[in-house]
Amino acid sequence: KLCYLSIVICFLFSLANFSKKNDTFLIVCALMFTVIADTFLVLLHATNLVIAMVSFCIVQLFYFVRILLKSDKKRNITNVAVRILLFVALLIVSFVSNAENSSFLIVISLFYFANLICNVIFAFISKTKNILFAFGLLLFLFCDIFVGLPFLIEFFNLSSTSFLYQLNSIDFNVVWLFYLPSQVMIAISAKKTTCNFLVCKW
């Protein structure tokens, strides 16, 4: 409950710093859907994974739009193309590897993961970089890697001696170690008074 409350606080922080003059609207919307996703995942103990994953997909799409607004047209075309190619590639690998376990949940999870990876990459190479936002997305990616480990182990029927199985068996909540700081960074990244060395051009 404390973990869930911390995500709600991040959303309220972004809402308190809402301004029509910048892109805080996108952050507010993204964090709102993050709260919705975590309501099903954390508060309701994963009662509906499909709703949670669809919500997280919407979150990444809001971040995608934010990145588009900070980049030039040529880079945006590349962004969209890479995003589509990565999603298709992940679908093909998933289907070829284990077609019997294919489901709508896996498809939207791959869509989410493809968008998250691209958001991380293009947030760092954006023409107008927001360092807190970029590192927030990177920690988000690390978090979801650990979230997805149990599903990968089950999907590919990995043995208990495999590296991924051992990594998943770490007796520590690594997910929240990455997740909470990521949401804090993303929420703060929209605040216009953020120090110049955190929001800058490279």
# chains A, B, ... in the order shown; residues from 1 in each chain; ligands from 1
$ closest_atom_pairs --of "range 30-68 of chain A" --to "range 97-114 of chain A" --cutoff "7 Å" --atoms "only C-alpha atoms" --output "JSON lines"
{"residue": "A:Val50", "atom": "CA", "partner": "A:Leu105", "partner_atom": "CA", "distance": 5.8}
{"residue": "A:Met53", "atom": "CA", "partner": "A:Ser109", "partner_atom": "CA", "distance": 6.4}
{"residue": "A:Val54", "atom": "CA", "partner": "A:Ile108", "partner_atom": "CA", "distance": 6.8}
{"residue": "A:Phe56", "atom": "CA", "partner": "A:Tyr112", "partner_atom": "CA", "distance": 6.9}
{"residue": "A:Cys57", "atom": "CA", "partner": "A:Tyr112", "partner_atom": "CA", "distance": 4.9}
{"residue": "A:Gln60", "atom": "CA", "partner": "A:Tyr112", "partner_atom": "CA", "distance": 7.0}
$ residues_around --residues "range 124-126 of chain A" --least-positions-apart "4" --cutoff "12 Å" --atoms "only C-alpha atoms" --output "ChimeraX atom specification"
/A:64,66-76,78-79,117-120,130-138,199-202
$ closest_residue --among "A:Ile77, A:Leu85, A:Cys3, A:Leu91" --to "Phe122 in chain A" --atoms "only C-alpha atoms"
A:Ile77
$ select_by_dssp --residues "range 45-180 of chain A" --states "helix (DSSP H, G or I)" --output "VMD selection string"
chain A and resid 49 to 69 73 to 97 99 to 101 104 to 124 131 to 155 163 to 168 174 to 180
$ closest_residue --among "A:Leu5, A:Leu15, A:Ala52, A:Val93" --to "Ile188 in chain A" --atoms "only C-alpha atoms"
A:Leu15
$ atom_distance --atom1 "CA of Val175 in chain A" --atom2 "CA of Ser6 in chain A"
14.1 Å
$ residues_around --residues "Ile51 in chain A" --least-positions-apart "6" --cutoff "9 Å" --atoms "only C-alpha atoms" --output "ChimeraX atom specification"
/A:36-37,40
$ residues_around --residues "Leu12 in chain A" --least-positions-apart "3" --cutoff "10 Å" --atoms "only C-alpha atoms" --output "PyMOL selection string"
chain A and resi 6-9+15-18+28+31-32+187
$ decode --residues "range 35-51 of chain A" --atoms "all heavy atoms" --output "compact mmCIF listing (two decimals), in the first residue's frame"
# COMPACT_ATOMS: atom_id res chain seq x y z
N VAL A 35 -1.07 5.19 -12.44
CA VAL A 35 -1.85 4.92 -11.23
C VAL A 35 -2.93 3.88 -11.50
O VAL A 35 -3.15 2.96 -10.70
CB VAL A 35 -2.48 6.22 -10.67
CG1 VAL A 35 -3.47 5.90 -9.55
CG2 VAL A 35 -1.40 7.16 -10.16
N ILE A 36 -3.60 4.01 -12.65
CA ILE A 36 -4.64 3.05 -13.03
C ILE A 36 -4.05 1.64 -13.15
O ILE A 36 -4.60 0.66 -12.63
CB ILE A 36 -5.33 3.46 -14.35
CG1 ILE A 36 -6.13 4.74 -14.16
CG2 ILE A 36 -6.24 2.32 -14.85
CD1 ILE A 36 -6.68 5.32 -15.44
N ALA A 37 -2.90 1.56 -13.84
CA ALA A 37 -2.25 0.25 -14.01
C ALA A 37 -1.84 -0.34 -12.67
O ALA A 37 -2.07 -1.53 -12.42
CB ALA A 37 -1.02 0.42 -14.91
N ASP A 38 -1.26 0.49 -11.80
CA ASP A 38 -0.82 -0.01 -10.50
C ASP A 38 -1.98 -0.32 -9.57
O ASP A 38 -1.83 -1.09 -8.62
CB ASP A 38 0.12 1.00 -9.85
CG ASP A 38 1.51 0.95 -10.45
OD1 ASP A 38 1.90 -0.13 -10.94
OD2 ASP A 38 2.21 1.98 -10.45
N THR A 39 -3.13 0.27 -9.82
CA THR A 39 -4.32 -0.09 -9.04
C THR A 39 -4.65 -1.56 -9.23
O THR A 39 -4.97 -2.27 -8.28
CB THR A 39 -5.53 0.79 -9.47
OG1 THR A 39 -5.23 2.16 -9.23
CG2 THR A 39 -6.78 0.39 -8.70
N PHE A 40 -4.53 -2.02 -10.48
CA PHE A 40 -4.81 -3.43 -10.76
C PHE A 40 -3.64 -4.33 -10.41
O PHE A 40 -3.83 -5.46 -9.95
CB PHE A 40 -5.18 -3.60 -12.24
CG PHE A 40 -6.52 -3.04 -12.60
CD1 PHE A 40 -6.65 -1.76 -13.13
CD2 PHE A 40 -7.68 -3.78 -12.38
CE1 PHE A 40 -7.89 -1.24 -13.44
CE2 PHE A 40 -8.93 -3.27 -12.70
CZ PHE A 40 -9.03 -1.99 -13.22
N LEU A 41 -2.42 -3.84 -10.61
CA LEU A 41 -1.24 -4.68 -10.36
C LEU A 41 -0.88 -4.76 -8.88
O LEU A 41 -0.58 -5.84 -8.37
CB LEU A 41 -0.04 -4.13 -11.14
CG LEU A 41 0.01 -4.42 -12.63
CD1 LEU A 41 1.24 -3.77 -13.24
CD2 LEU A 41 0.02 -5.91 -12.91
N VAL A 42 -0.90 -3.63 -8.20
CA VAL A 42 -0.40 -3.55 -6.83
C VAL A 42 -1.53 -3.61 -5.81
O VAL A 42 -1.57 -4.49 -4.94
CB VAL A 42 0.44 -2.27 -6.61
CG1 VAL A 42 0.97 -2.21 -5.19
CG2 VAL A 42 1.59 -2.22 -7.62
N LEU A 43 -2.45 -2.66 -5.93
CA LEU A 43 -3.51 -2.54 -4.92
C LEU A 43 -4.48 -3.72 -4.97
O LEU A 43 -4.91 -4.22 -3.93
CB LEU A 43 -4.27 -1.23 -5.12
CG LEU A 43 -5.07 -0.73 -3.92
CD1 LEU A 43 -4.16 -0.43 -2.74
CD2 LEU A 43 -5.87 0.52 -4.30
N LEU A 44 -4.83 -4.15 -6.19
CA LEU A 44 -5.78 -5.25 -6.35
C LEU A 44 -5.09 -6.58 -6.65
O LEU A 44 -5.73 -7.53 -7.09
CB LEU A 44 -6.78 -4.92 -7.46
CG LEU A 44 -7.61 -3.64 -7.25
CD1 LEU A 44 -8.54 -3.41 -8.42
CD2 LEU A 44 -8.40 -3.73 -5.94
N HIS A 45 -3.78 -6.62 -6.43
CA HIS A 45 -3.00 -7.86 -6.53
C HIS A 45 -3.15 -8.54 -7.89
O HIS A 45 -3.49 -9.72 -7.98
CB HIS A 45 -3.39 -8.83 -5.42
CG HIS A 45 -3.30 -8.23 -4.04
ND1 HIS A 45 -2.10 -7.94 -3.44
CD2 HIS A 45 -4.28 -7.84 -3.17
CE1 HIS A 45 -2.33 -7.40 -2.25
NE2 HIS A 45 -3.62 -7.32 -2.06
N ALA A 46 -2.91 -7.78 -8.95
CA ALA A 46 -2.90 -8.30 -10.33
C ALA A 46 -4.21 -9.00 -10.70
O ALA A 46 -4.21 -10.08 -11.27
CB ALA A 46 -1.73 -9.26 -10.52
N THR A 47 -5.33 -8.34 -10.36
CA THR A 47 -6.64 -8.94 -10.66
C THR A 47 -6.96 -8.92 -12.15
O THR A 47 -7.72 -9.74 -12.63
CB THR A 47 -7.76 -8.20 -9.90
OG1 THR A 47 -7.66 -6.79 -10.18
CG2 THR A 47 -7.62 -8.43 -8.40
N ASN A 48 -6.40 -7.95 -12.88
CA ASN A 48 -6.66 -7.88 -14.32
C ASN A 48 -5.41 -7.37 -15.03
O ASN A 48 -5.19 -6.16 -15.16
CB ASN A 48 -7.86 -6.96 -14.61
CG ASN A 48 -8.40 -7.17 -16.01
OD1 ASN A 48 -7.64 -7.27 -16.97
ND2 ASN A 48 -9.72 -7.25 -16.13
N LEU A 49 -4.60 -8.30 -15.48
CA LEU A 49 -3.33 -7.95 -16.12
C LEU A 49 -3.53 -7.25 -17.46
O LEU A 49 -2.72 -6.40 -17.84
CB LEU A 49 -2.49 -9.21 -16.32
CG LEU A 49 -1.89 -9.84 -15.05
CD1 LEU A 49 -1.15 -11.13 -15.40
CD2 LEU A 49 -0.95 -8.86 -14.37
N VAL A 50 -4.62 -7.59 -18.17
CA VAL A 50 -4.86 -6.98 -19.48
C VAL A 50 -5.10 -5.49 -19.33
O VAL A 50 -4.51 -4.67 -20.05
CB VAL A 50 -6.05 -7.66 -20.19
CG1 VAL A 50 -6.42 -6.89 -21.45
CG2 VAL A 50 -5.72 -9.10 -20.54
N ILE A 51 -5.97 -5.10 -18.39
CA ILE A 51 -6.25 -3.68 -18.17
C ILE A 51 -4.98 -2.95 -17.73
O ILE A 51 -4.69 -1.83 -18.18
CB ILE A 51 -7.36 -3.49 -17.11
CG1 ILE A 51 -8.69 -4.01 -17.65
CG2 ILE A 51 -7.49 -2.02 -16.72
CD1 ILE A 51 -9.83 -3.90 -16.67
